[in-house]
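> Dropping the structure in here first, questions after.
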Amino acid sequence: MTSVTAELLVVRKRSSTWILLGIWSALAVLFAYVIPYVEYLNGSGPGPGSLEQLLPAQLAGNLVEGFPFFGGVIALMLGVLGLGSEYGWGTLKTLFIQREGRLHVFGAKLLALGAVLVPFVLSVFALGAGASYVIALREGSAVDWPSAWLLVRTMGAGWLILAVWTSFGLLLAAVSRGTSLAIGVGILYALVIEGLISAFADAVSFLEPVTEFFLRANAYSLVKGLGLSVSEAAGNGPGAFSGPYVATGQALLVLVAYMVAFLALSGVLLRRRDVT
Amino acid sequence: MDDGFVIETTRLTKLYGERILAVDRLDLRVRRGEVYGFLGPNGAGKTTTLRMLLGLVRPTSGSALVLGGAPGSPVGLARVGALVESPSLYPFLSGRDNLRVLARHAHVAESRIEAVLEEVELADRASDRFATYSLGMKQRLGVAAALLKDPELLILDEPTNGMDPAGMADMRSFIRGLGRGRRTVLLSSHLMTEVEQICDRVGVIRSGTLVGEGTVAELRGRESLRIRAEPLAAAERLLTTLPAVERVTTTDGALNVAADPDAAPAINRALVEAGIAVSELRPEQASLEQVFLELTQPSEEAA
């Protein structure tokens with residue numbers, strides 16, 4: 001447990017943690033509320049239903065749309081920096097000669113990163129709640145909040161999606177023993193491989209089954225039942241996803257399986273490789 | 001393995017890839033309570049050896065025992081403090097917070113932090129970020145980190161790297177102090193004066209192999225006498241007849257005389273009484289540096 005508190009101290013004092021949290025929170029609110037509301041005010045929005053999407057009642061569905069891609073990429077960076085920087089500073093070597101085994105140290109890092117993802121979820125929901133409340137007041141609309149159970153499930157799903165991407169970042173960092181290549185490959189994968197193949201899947205039939213195993217497909221599928229607007233997701237910029245969606249249970253299982261696989265592979269690499 | 005060895009390696013070998021033989025069948029034995037100097041030129045395999053002793057690098061073959069256990073085992077690591085290569089700590093954390101992180105990983109009471117900061121004289125800068133430290137201060141914090149566990153075995157890899165002369169002198173005297181009592185220190189260095197001043201025994205490594213081992217005095221060998229005299233040939237003839245003289249050789253126009261330095265007055269008197277002018281007579285011993293260079297430079301045949 002003391003190892004976890006040590007890692008929490010490191011994560012807490014790293015400026016990159018707070019910079020990523022700030023960027024993610026700002027982007028989430030900007031794209032989920034600020035830009036759509038400005039569009040609504042200018043009459044350039046998608047339609048008369050666009051205001052409803054911004055009201056407190058749609059908080060869960062509106063915010064969760066940002067997690068599968070934008071939040072994922074931010075979480076990927078968090079994971080890469082959480083482990084990759086340690087190679088650059090040589091601190092992994094220092095930690096591995098303290099007392100505990102390598103997997104114990106890795107486990108402490110995982111728990112600390114898992115814990116730091118909680119504010120990544122909470123901050124977005126808190127800011128989103130504030131933004132939707134302000135919009136509702138300005139528009140004289142009713143302030144009806146989603147049920148607590150829906151919010152808890154949505155936040156849990158958001159945390160899981162971020163955790164899977166963080167694990168992917170950890171794996172890339174462990175493979176490349178650094179940060180630059182890992183971030184480059186991670187973003188390339190998220191943007192180009194998943195993005196382009198998903199975009200072509202509609203036209204090229206044999207690609208469709210492949211996309212069902214993508215993080216993007218399973219993450220969107222996981223949150224589909226939580227109020228996600230499918231049409232909004234299809235127009236979600238570089239994070240766009242137009243299907244095919246899989247069942248929620250399947251999505252949950254696939255995401256958990258990915259996370260376990262990423263972490264297990266990272267653990268094997270950390271345990272077996274020489275630390276120089 | 002309680003035969004007095006804190007570190008014992010048997011034919012320890014590390015091959016990187018298929019061609020780079022960093023450590024080659026190394027047999028190293030470090031006794032309990034001694035300060036052991038591990039000398040070698042850059043690239044000789046010192047740091048790779050230390051990494052294997054700490055479990056950071058897996059040997060290709062051979063074995064090592066550290067405090068009776070496998071290198072890198074949690075039980076063993078709890079009793080070992082190390083500074084390998086350069087102090088590798090979090091640049092964005094203060095010196096104190098860096099030690100706090102390590103203390104928590106090592107399950108050491110945080111009260112030790114202030115004690116080791118005092119020991120390395122960094123208490124007044126402990127709140128500053130590690131990134132702002134000078135190289136010498138980083139080295140001292142690295143030593144403080146190694147001392148956190150109050151270890152039985154301290155492994156220090158070139159701890160005076162980057163220090164100014166005063167800092168180096170302080171660090172050497174500090175390490176000498178650390179080596180007193182039950183603690184064992186394995187000090188890797190390529191600085192002769194450092195090893196000469198600090199270490200009880202020295203092992204010299206070249207191309208991953210131990211090529212010499214002993215106390216500094218043993219490595220330097222016996223003192224001899226260096227004599228300049230005129231005429232030189234007559235002096236050499238006379239000296240070979242003296243019972244106190246074991247052997248005489250000539251180098252650079254002077255005589256190297258294998259004899260007890262206490263016999264110097266009698267030898268001088270004999271030369272003078274024989275009408276030989278003596279312009280120089282002094283005891284001489286190979287420096288550790290000379291021994292080191294002899295041991296570590298490739299032989300001419302090999303070249």
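Scheme for the structure tokens: letters A, B, ... for chains in order shown; per-chain residue numbers from 1; ligand numbers from 1 in order shown.
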With the cut-off set at 9 Å and counting only C-alpha atoms, tabulate each residue of chain B with an atom at most that distance from an atom of chain A, showing the nearest atom pair and its distance in Å to one decimal, ordered by chain and increasing number, as a tab-separated table.

```
residue	atom	partner	partner_atom	distance
B:Thr48	CA	A:Thr276	CA	8.3
B:Arg51	CA	A:Thr276	CA	7.7
B:Leu54	CA	A:Ile97	CA	6.5
B:Gly55	CA	A:Ile97	CA	7.7
B:Leu56	CA	A:Val275	CA	5.1
B:Val57	CA	A:Asp274	CA	4.5
B:Arg58	CA	A:Asp274	CA	6.4
B:Gly72	CA	A:Ile97	CA	6.9
B:Ser73	CA	A:Gly101	CA	7.2
B:Pro74	CA	A:Arg99	CA	4.9
B:Val75	CA	A:Arg99	CA	7.3
B:Gly76	CA	A:Arg99	CA	7.9
B:Leu77	CA	A:Arg99	CA	5.0
B:Ala78	CA	A:Arg99	CA	5.0
B:Arg79	CA	A:Arg99	CA	8.5
B:Val80	CA	A:Gln98	CA	8.1
B:Gly81	CA	A:Gln98	CA	7.7
B:Ala82	CA	A:Ile97	CA	7.6
B:Leu83	CA	A:Thr94	CA	8.3
B:Val84	CA	A:Thr94	CA	8.4
B:Ser86	CA	A:Gly90	CA	8.9
B:Pro87	CA	A:Thr94	CA	8.3
B:Ser88	CA	A:Gly90	CA	5.0
B:Leu89	CA	A:Thr91	CA	5.4
B:Tyr90	CA	A:Thr91	CA	6.7
B:Pro91	CA	A:Trp89	CA	7.8
B:Phe92	CA	A:Arg14	CA	6.8
B:Leu93	CA	A:Lys13	CA	7.0
B:Asp97	CA	A:Leu9	CA	8.3
B:Asn98	CA	A:Val10	CA	8.7
B:Arg100	CA	A:Ala6	CA	7.3
B:Val101	CA	A:Ala6	CA	4.6
B:Leu102	CA	A:Gln98	CA	6.8
B:Ala103	CA	A:Gln98	CA	8.2
B:Arg104	CA	A:Thr2	CA	5.1
B:His105	CA	A:Ser3	CA	4.7
B:Ala106	CA	A:Arg99	CA	4.9
B:His107	CA	A:Thr2	CA	6.9
B:Ala146	CA	A:Gln98	CA	8.9
B:Lys149	CA	A:Gln98	CA	8.6
```
> The selected residues should be written to file as a short mmCIF file (atom, residue, chain, number, x, y, z; two decimals), in the first residue's frame (atoms: N, CA and C atoms).

```cif
data_model
loop_
_atom_site.label_atom_id
_atom_site.label_comp_id
_atom_site.auth_asym_id
_atom_site.auth_seq_id
_atom_site.Cartn_x
_atom_site.Cartn_y
_atom_site.Cartn_z
N THR B 48 27.63 -2.95 -15.84
CA THR B 48 26.82 -4.13 -16.17
C THR B 48 26.89 -5.14 -15.01
N ARG B 51 24.71 -3.88 -12.25
CA ARG B 51 23.30 -4.08 -12.61
C ARG B 51 22.88 -5.53 -12.42
N LEU B 54 22.25 -6.26 -8.84
CA LEU B 54 21.01 -5.66 -8.32
C LEU B 54 19.77 -6.23 -8.98
N GLY B 55 19.96 -7.16 -9.89
CA GLY B 55 18.81 -7.79 -10.53
C GLY B 55 18.21 -6.97 -11.66
N LEU B 56 18.89 -5.91 -12.06
CA LEU B 56 18.35 -5.09 -13.15
C LEU B 56 18.62 -5.73 -14.50
N VAL B 57 19.72 -6.45 -14.57
CA VAL B 57 20.10 -7.12 -15.81
C VAL B 57 20.29 -8.60 -15.50
N ARG B 58 19.76 -9.44 -16.36
CA ARG B 58 19.88 -10.88 -16.14
C ARG B 58 21.16 -11.40 -16.77
N GLY B 72 18.35 -9.07 -6.76
CA GLY B 72 17.04 -8.51 -7.10
C GLY B 72 15.90 -9.08 -6.29
N SER B 73 16.18 -10.03 -5.38
CA SER B 73 15.08 -10.56 -4.57
C SER B 73 14.67 -9.49 -3.55
N PRO B 74 13.37 -9.39 -3.24
CA PRO B 74 12.94 -8.35 -2.30
C PRO B 74 13.65 -8.43 -0.95
N VAL B 75 13.91 -9.66 -0.47
CA VAL B 75 14.58 -9.80 0.82
C VAL B 75 15.99 -9.22 0.75
N GLY B 76 16.67 -9.51 -0.35
CA GLY B 76 18.03 -8.99 -0.51
C GLY B 76 18.04 -7.49 -0.73
N LEU B 77 17.14 -7.02 -1.59
CA LEU B 77 17.12 -5.58 -1.91
C LEU B 77 16.84 -4.74 -0.67
N ALA B 78 16.10 -5.30 0.28
CA ALA B 78 15.79 -4.55 1.50
C ALA B 78 17.05 -4.23 2.29
N ARG B 79 18.14 -4.97 2.02
CA ARG B 79 19.39 -4.78 2.77
C ARG B 79 20.49 -4.14 1.92
N VAL B 80 20.11 -3.75 0.70
CA VAL B 80 21.12 -3.18 -0.22
C VAL B 80 20.72 -1.75 -0.60
N GLY B 81 21.68 -0.86 -0.56
CA GLY B 81 21.47 0.49 -1.07
C GLY B 81 22.39 0.68 -2.26
N ALA B 82 21.90 1.36 -3.28
CA ALA B 82 22.74 1.46 -4.48
C ALA B 82 22.58 2.78 -5.19
N LEU B 83 23.67 3.20 -5.78
CA LEU B 83 23.66 4.32 -6.71
C LEU B 83 24.34 3.80 -7.97
N VAL B 84 23.57 3.58 -9.00
CA VAL B 84 24.12 2.98 -10.22
C VAL B 84 24.21 4.02 -11.32
N SER B 86 24.29 6.99 -12.57
CA SER B 86 24.05 8.39 -12.19
C SER B 86 22.76 8.40 -11.38
N PRO B 87 22.60 9.40 -10.51
CA PRO B 87 21.37 9.42 -9.71
C PRO B 87 20.16 9.64 -10.61
N SER B 88 19.27 8.68 -10.63
CA SER B 88 18.09 8.76 -11.51
C SER B 88 16.86 8.99 -10.64
N LEU B 89 16.47 10.26 -10.57
CA LEU B 89 15.34 10.62 -9.71
C LEU B 89 14.39 11.51 -10.50
N TYR B 90 13.22 11.77 -9.91
CA TYR B 90 12.21 12.56 -10.63
C TYR B 90 12.61 14.04 -10.66
N PRO B 91 12.78 14.59 -11.85
CA PRO B 91 13.26 15.98 -11.93
C PRO B 91 12.27 16.99 -11.38
N PHE B 92 10.98 16.67 -11.41
CA PHE B 92 9.96 17.65 -10.99
C PHE B 92 9.67 17.56 -9.49
N LEU B 93 10.25 16.57 -8.82
CA LEU B 93 10.04 16.47 -7.36
C LEU B 93 11.22 17.11 -6.63
N ASP B 97 10.96 15.04 -1.55
CA ASP B 97 9.87 14.22 -2.09
C ASP B 97 10.40 13.01 -2.85
N ASN B 98 11.52 13.17 -3.52
CA ASN B 98 12.13 12.02 -4.17
C ASN B 98 12.46 10.93 -3.14
N ARG B 100 11.07 10.62 -0.31
CA ARG B 100 9.78 10.15 0.24
C ARG B 100 9.22 9.02 -0.64
N VAL B 101 9.29 9.22 -1.94
CA VAL B 101 8.81 8.19 -2.87
C VAL B 101 9.60 6.89 -2.67
N LEU B 102 10.92 7.02 -2.59
CA LEU B 102 11.75 5.82 -2.46
C LEU B 102 11.54 5.16 -1.10
N ALA B 103 11.39 5.98 -0.07
CA ALA B 103 11.16 5.42 1.28
C ALA B 103 9.88 4.60 1.31
N ARG B 104 8.86 5.10 0.63
CA ARG B 104 7.59 4.37 0.62
C ARG B 104 7.72 3.07 -0.16
N HIS B 105 8.43 3.10 -1.27
CA HIS B 105 8.63 1.86 -2.03
C HIS B 105 9.48 0.87 -1.24
N ALA B 106 10.41 1.40 -0.45
CA ALA B 106 11.31 0.52 0.29
C ALA B 106 10.77 0.17 1.67
N HIS B 107 9.62 0.69 2.02
CA HIS B 107 9.00 0.45 3.34
C HIS B 107 9.92 0.95 4.46
N ALA B 146 20.57 5.98 -1.54
CA ALA B 146 21.16 4.66 -1.31
C ALA B 146 21.24 4.34 0.19
N LYS B 149 17.82 2.96 3.39
CA LYS B 149 17.48 1.69 4.05
C LYS B 149 18.49 1.31 5.13
#
```
> When you look at Leu242 in chain B with a cut-off of 10 Å (counting only C-alpha atoms), what residues show up, excluding the ones that are within fewer than 4 positions of it in the same chain? I need them as a short mmCIF file (atom, residue, chain, number, x, y, z; two decimals) with N, CA and C atoms, in the first residue's frame.

```
data_model
loop_
_atom_site.label_atom_id
_atom_site.label_comp_id
_atom_site.auth_asym_id
_atom_site.auth_seq_id
_atom_site.Cartn_x
_atom_site.Cartn_y
_atom_site.Cartn_z
N ARG B 237 77.57 -3.58 -11.23
CA ARG B 237 78.40 -4.75 -10.87
C ARG B 237 78.53 -4.86 -9.36
N LEU B 238 78.76 -3.73 -8.72
CA LEU B 238 78.94 -3.74 -7.27
C LEU B 238 77.66 -4.17 -6.56
N GLU B 246 68.58 -8.15 -4.14
CA GLU B 246 68.08 -9.37 -4.76
C GLU B 246 68.27 -9.35 -6.28
N ARG B 247 68.06 -8.15 -6.87
CA ARG B 247 68.07 -8.10 -8.33
C ARG B 247 68.33 -6.66 -8.76
N ALA B 259 65.47 -4.42 -3.34
CA ALA B 259 66.13 -4.53 -2.03
C ALA B 259 65.24 -3.86 -0.99
N ALA B 266 73.22 1.52 3.78
CA ALA B 266 74.36 0.62 3.60
C ALA B 266 74.75 0.54 2.13
N ILE B 267 73.74 0.50 1.25
CA ILE B 267 74.00 0.43 -0.18
C ILE B 267 74.69 1.71 -0.65
N ALA B 270 78.32 1.72 0.45
CA ALA B 270 79.14 0.80 -0.35
C ALA B 270 79.49 1.43 -1.70
#
```
> Would you kindly return, as number ranges by chain, each protein, DNA or RNA residue with an atom no farther than 12 Å from any atom of Pro119 in chain A, considering only C-alpha atoms and excluding same-chain residues fewer than 4 positions away?
A: 12, 17-18, 20-22, 24-25, 112-115, 123-127, 155, 158-159, 162
> For the selection just defined, write its residues with N, CA and C atoms to a file, as a tab-separated table (two decimals), in the first residue's frame.

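This is the output file result17.tsv:
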```tsv
chain	number	residue	atom	x	y	z
A	12	ARG	N	0.55	12.88	-8.65
A	12	ARG	CA	-0.06	14.14	-8.19
A	12	ARG	C	0.85	15.33	-8.45
A	17	THR	N	0.12	15.55	-15.59
A	17	THR	CA	-1.17	15.02	-15.15
A	17	THR	C	-2.22	16.13	-15.20
A	18	TRP	N	-1.84	17.27	-14.64
A	18	TRP	CA	-2.81	18.37	-14.53
A	18	TRP	C	-3.01	19.08	-15.85
A	20	LEU	N	-2.92	17.54	-18.80
A	20	LEU	CA	-3.83	16.65	-19.55
A	20	LEU	C	-5.26	16.77	-19.02
A	21	LEU	N	-5.36	16.83	-17.69
A	21	LEU	CA	-6.70	16.96	-17.10
A	21	LEU	C	-7.35	18.26	-17.55
A	22	GLY	N	-6.56	19.32	-17.56
A	22	GLY	CA	-7.08	20.63	-17.97
A	22	GLY	C	-7.50	20.62	-19.44
A	24	TRP	N	-8.27	18.04	-21.34
A	24	TRP	CA	-9.41	17.13	-21.53
A	24	TRP	C	-10.71	17.79	-21.05
A	25	SER	N	-10.67	18.37	-19.87
A	25	SER	CA	-11.88	18.99	-19.33
A	25	SER	C	-12.34	20.14	-20.21
A	112	ALA	N	-2.32	3.81	-8.99
A	112	ALA	CA	-2.24	5.27	-8.93
A	112	ALA	C	-2.85	5.90	-10.18
A	113	LEU	N	-2.55	5.31	-11.34
A	113	LEU	CA	-3.13	5.85	-12.58
A	113	LEU	C	-4.65	5.65	-12.60
A	114	GLY	N	-5.07	4.50	-12.10
A	114	GLY	CA	-6.52	4.23	-12.02
A	114	GLY	C	-7.20	5.26	-11.14
A	115	ALA	N	-6.52	5.60	-10.05
A	115	ALA	CA	-7.10	6.59	-9.13
A	115	ALA	C	-7.14	7.98	-9.76
A	123	SER	N	-14.25	15.63	-13.21
A	123	SER	CA	-14.11	17.03	-13.60
A	123	SER	C	-14.97	17.32	-14.83
A	124	VAL	N	-14.97	16.38	-15.77
A	124	VAL	CA	-15.77	16.58	-16.99
A	124	VAL	C	-17.25	16.64	-16.64
A	125	PHE	N	-17.67	15.75	-15.77
A	125	PHE	CA	-19.10	15.74	-15.40
A	125	PHE	C	-19.46	16.98	-14.57
A	126	ALA	N	-18.54	17.40	-13.71
A	126	ALA	CA	-18.83	18.60	-12.91
A	126	ALA	C	-18.93	19.83	-13.81
A	127	LEU	N	-17.98	19.97	-14.72
A	127	LEU	CA	-18.00	21.13	-15.62
A	127	LEU	C	-19.20	21.06	-16.57
A	155	MET	N	-20.48	7.39	-15.56
A	155	MET	CA	-19.12	7.70	-15.09
A	155	MET	C	-18.28	6.43	-15.05
A	158	GLY	N	-17.29	5.68	-18.52
A	158	GLY	CA	-16.26	6.63	-18.93
A	158	GLY	C	-14.91	6.27	-18.34
A	159	TRP	N	-14.91	5.90	-17.07
A	159	TRP	CA	-13.65	5.51	-16.41
A	159	TRP	C	-13.05	4.29	-17.09
A	162	LEU	N	-11.46	5.20	-20.43
A	162	LEU	CA	-10.17	5.87	-20.21
A	162	LEU	C	-9.12	4.88	-19.71
```
> Let me make sure I understand: among A:Val29, A:Leu252, A:Leu55, A:Leu269, which one has the smallest atom-to-atom distance to Val134 in chain A if we use only C-alpha atoms?
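Nearest to Val134 in chain A: A:Leu55.
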> How far is it from CA of Val185 in chain A to CA of Phe214 in chain A, in Å with one decimal?
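For CA of Val185 in chain A relative to CA of Phe214 in chain A, the distance reads 15.5 Å.
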> Taking the chain letters and numbering used in this document, name the residues of range 92-258 of chain B that DSSP puts in helix (DSSP H, G or I), as a PyMOL selection string.
chain B and resi 95-106+111-119+123-125+130-132+135-147+165-178+192-198+216-220+232-241
> Name the residues of range 5-214 of chain B that fall into strand (DSSP E or B) according to DSSP on the backbone, using the chain letters and numbers of this document, as number ranges by chain.
B: 5-16, 20-26, 29-31, 35-39, 61-66, 69, 80-83, 94, 129, 153-157, 184-189, 201-206, 209-214
> Which polymer residues have any atom within 12 Å of an atom of range 131-133 of chain A, counting only C-alpha atoms, with same-chain residues fewer than 6 positions away left out, as a PDB file with C-alpha atoms, in the first residue's frame?

```
ATOM      1  CA  SER A  25     -11.884  18.992 -19.326  1.00  0.00           C
ATOM      2  CA  ALA A  26     -11.702  22.117 -21.447  1.00  0.00           C
ATOM      3  CA  ALA A  28     -14.958  18.118 -23.386  1.00  0.00           C
ATOM      4  CA  VAL A  29     -16.949  21.147 -22.280  1.00  0.00           C
ATOM      5  CA  LEU A  30     -16.017  23.122 -25.367  1.00  0.00           C
ATOM      6  CA  PHE A  31     -17.209  20.457 -27.803  1.00  0.00           C
ATOM      7  CA  ALA A  32     -20.119  19.168 -25.714  1.00  0.00           C
ATOM      8  CA  TYR A  33     -21.577  22.541 -24.653  1.00  0.00           C
ATOM      9  CA  VAL A  34     -19.844  25.740 -25.708  1.00  0.00           C
ATOM     10  CA  ILE A  35     -19.632  25.224 -29.483  1.00  0.00           C
ATOM     11  CA  PRO A  36     -23.058  23.534 -29.820  1.00  0.00           C
ATOM     12  CA  TYR A  37     -24.654  26.311 -27.764  1.00  0.00           C
ATOM     13  CA  LEU A  51     -30.960  22.688 -27.298  1.00  0.00           C
ATOM     14  CA  GLU A  52     -32.448  19.615 -25.616  1.00  0.00           C
ATOM     15  CA  GLN A  53     -29.132  17.833 -26.007  1.00  0.00           C
ATOM     16  CA  LEU A  54     -27.475  20.609 -23.973  1.00  0.00           C
ATOM     17  CA  LEU A  55     -29.877  20.570 -21.041  1.00  0.00           C
ATOM     18  CA  PRO A  56     -29.155  18.817 -17.729  1.00  0.00           C
ATOM     19  CA  ALA A  57     -31.476  15.929 -18.536  1.00  0.00           C
ATOM     20  CA  GLN A  58     -29.094  14.868 -21.357  1.00  0.00           C
ATOM     21  CA  LEU A  59     -25.927  15.340 -19.308  1.00  0.00           C
ATOM     22  CA  ALA A  60     -24.881  11.690 -19.390  1.00  0.00           C
ATOM     23  CA  ASN A  62     -23.962  14.402 -24.148  1.00  0.00           C
ATOM     24  CA  LEU A  63     -20.748  14.053 -22.182  1.00  0.00           C
ATOM     25  CA  VAL A 124     -15.765  16.583 -16.986  1.00  0.00           C
ATOM     26  CA  PHE A 125     -19.096  15.741 -15.396  1.00  0.00           C
ATOM     27  CA  GLU A 139     -32.998  29.456 -21.896  1.00  0.00           C
ATOM     28  CA  GLY A 140     -35.566  29.265 -19.096  1.00  0.00           C
ATOM     29  CA  SER A 141     -35.718  25.488 -19.488  1.00  0.00           C
ATOM     30  CA  ALA A 142     -36.436  22.994 -16.737  1.00  0.00           C
ATOM     31  CA  VAL A 143     -33.443  21.784 -14.740  1.00  0.00           C
ATOM     32  CA  ASP A 144     -34.084  18.056 -14.678  1.00  0.00           C
ATOM     33  CA  TRP A 145     -31.056  15.991 -13.800  1.00  0.00           C
ATOM     34  CA  PRO A 146     -30.516  12.398 -14.931  1.00  0.00           C
TER      35      PRO A 146
END
```
> Can you work out the spacing between CA of Ala254 in chain B and CA of Gln290 in chain B in Å, to one decimal?
18.2 Å
> A:Ser205, A:Thr248, A:Ser198, A:Ser180: which is nearest Lys224 in chain A, counting only C-alpha atoms?
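Among the listed residues, the smallest separation from Lys224 in chain A belongs to A:Thr248.
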> Would you compute the distance between CA of Arg112 in chain B and CA of Ala166 in chain B? Give it in Å to one decimal.
26.4 Å
> Find the residues near range 188-193 of chain B: any atom within 6 Å, counting only C-alpha atoms, skip ones fewer than 6 places away on the same chain, and give them as a PyMOL selection string.
chain B and resi 37-41+157-158
> How would the residues just chosen look if you wrote them out with C-alpha atoms as a short mmCIF file (atom, residue, chain, number, x, y, z; two decimals), in the first residue's frame?

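Ended up saving to again38.cif:
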```
data_model
loop_
_atom_site.label_atom_id
_atom_site.label_comp_id
_atom_site.auth_asym_id
_atom_site.auth_seq_id
_atom_site.Cartn_x
_atom_site.Cartn_y
_atom_site.Cartn_z
CA GLY B 37 37.08 -1.01 -5.06
CA PHE B 38 35.93 -2.14 -8.46
CA LEU B 39 38.33 -0.56 -10.92
CA GLY B 40 38.22 -0.61 -14.65
CA PRO B 41 38.38 1.63 -17.70
CA ASP B 157 28.95 3.47 -9.05
CA GLU B 158 31.33 6.39 -9.52
#
```
> Could you check which of B:Thr184, B:Asp262, B:Glu289, B:Glu230 is closest to Ala244 in chain B, using only C-alpha atoms?
B:Asp262
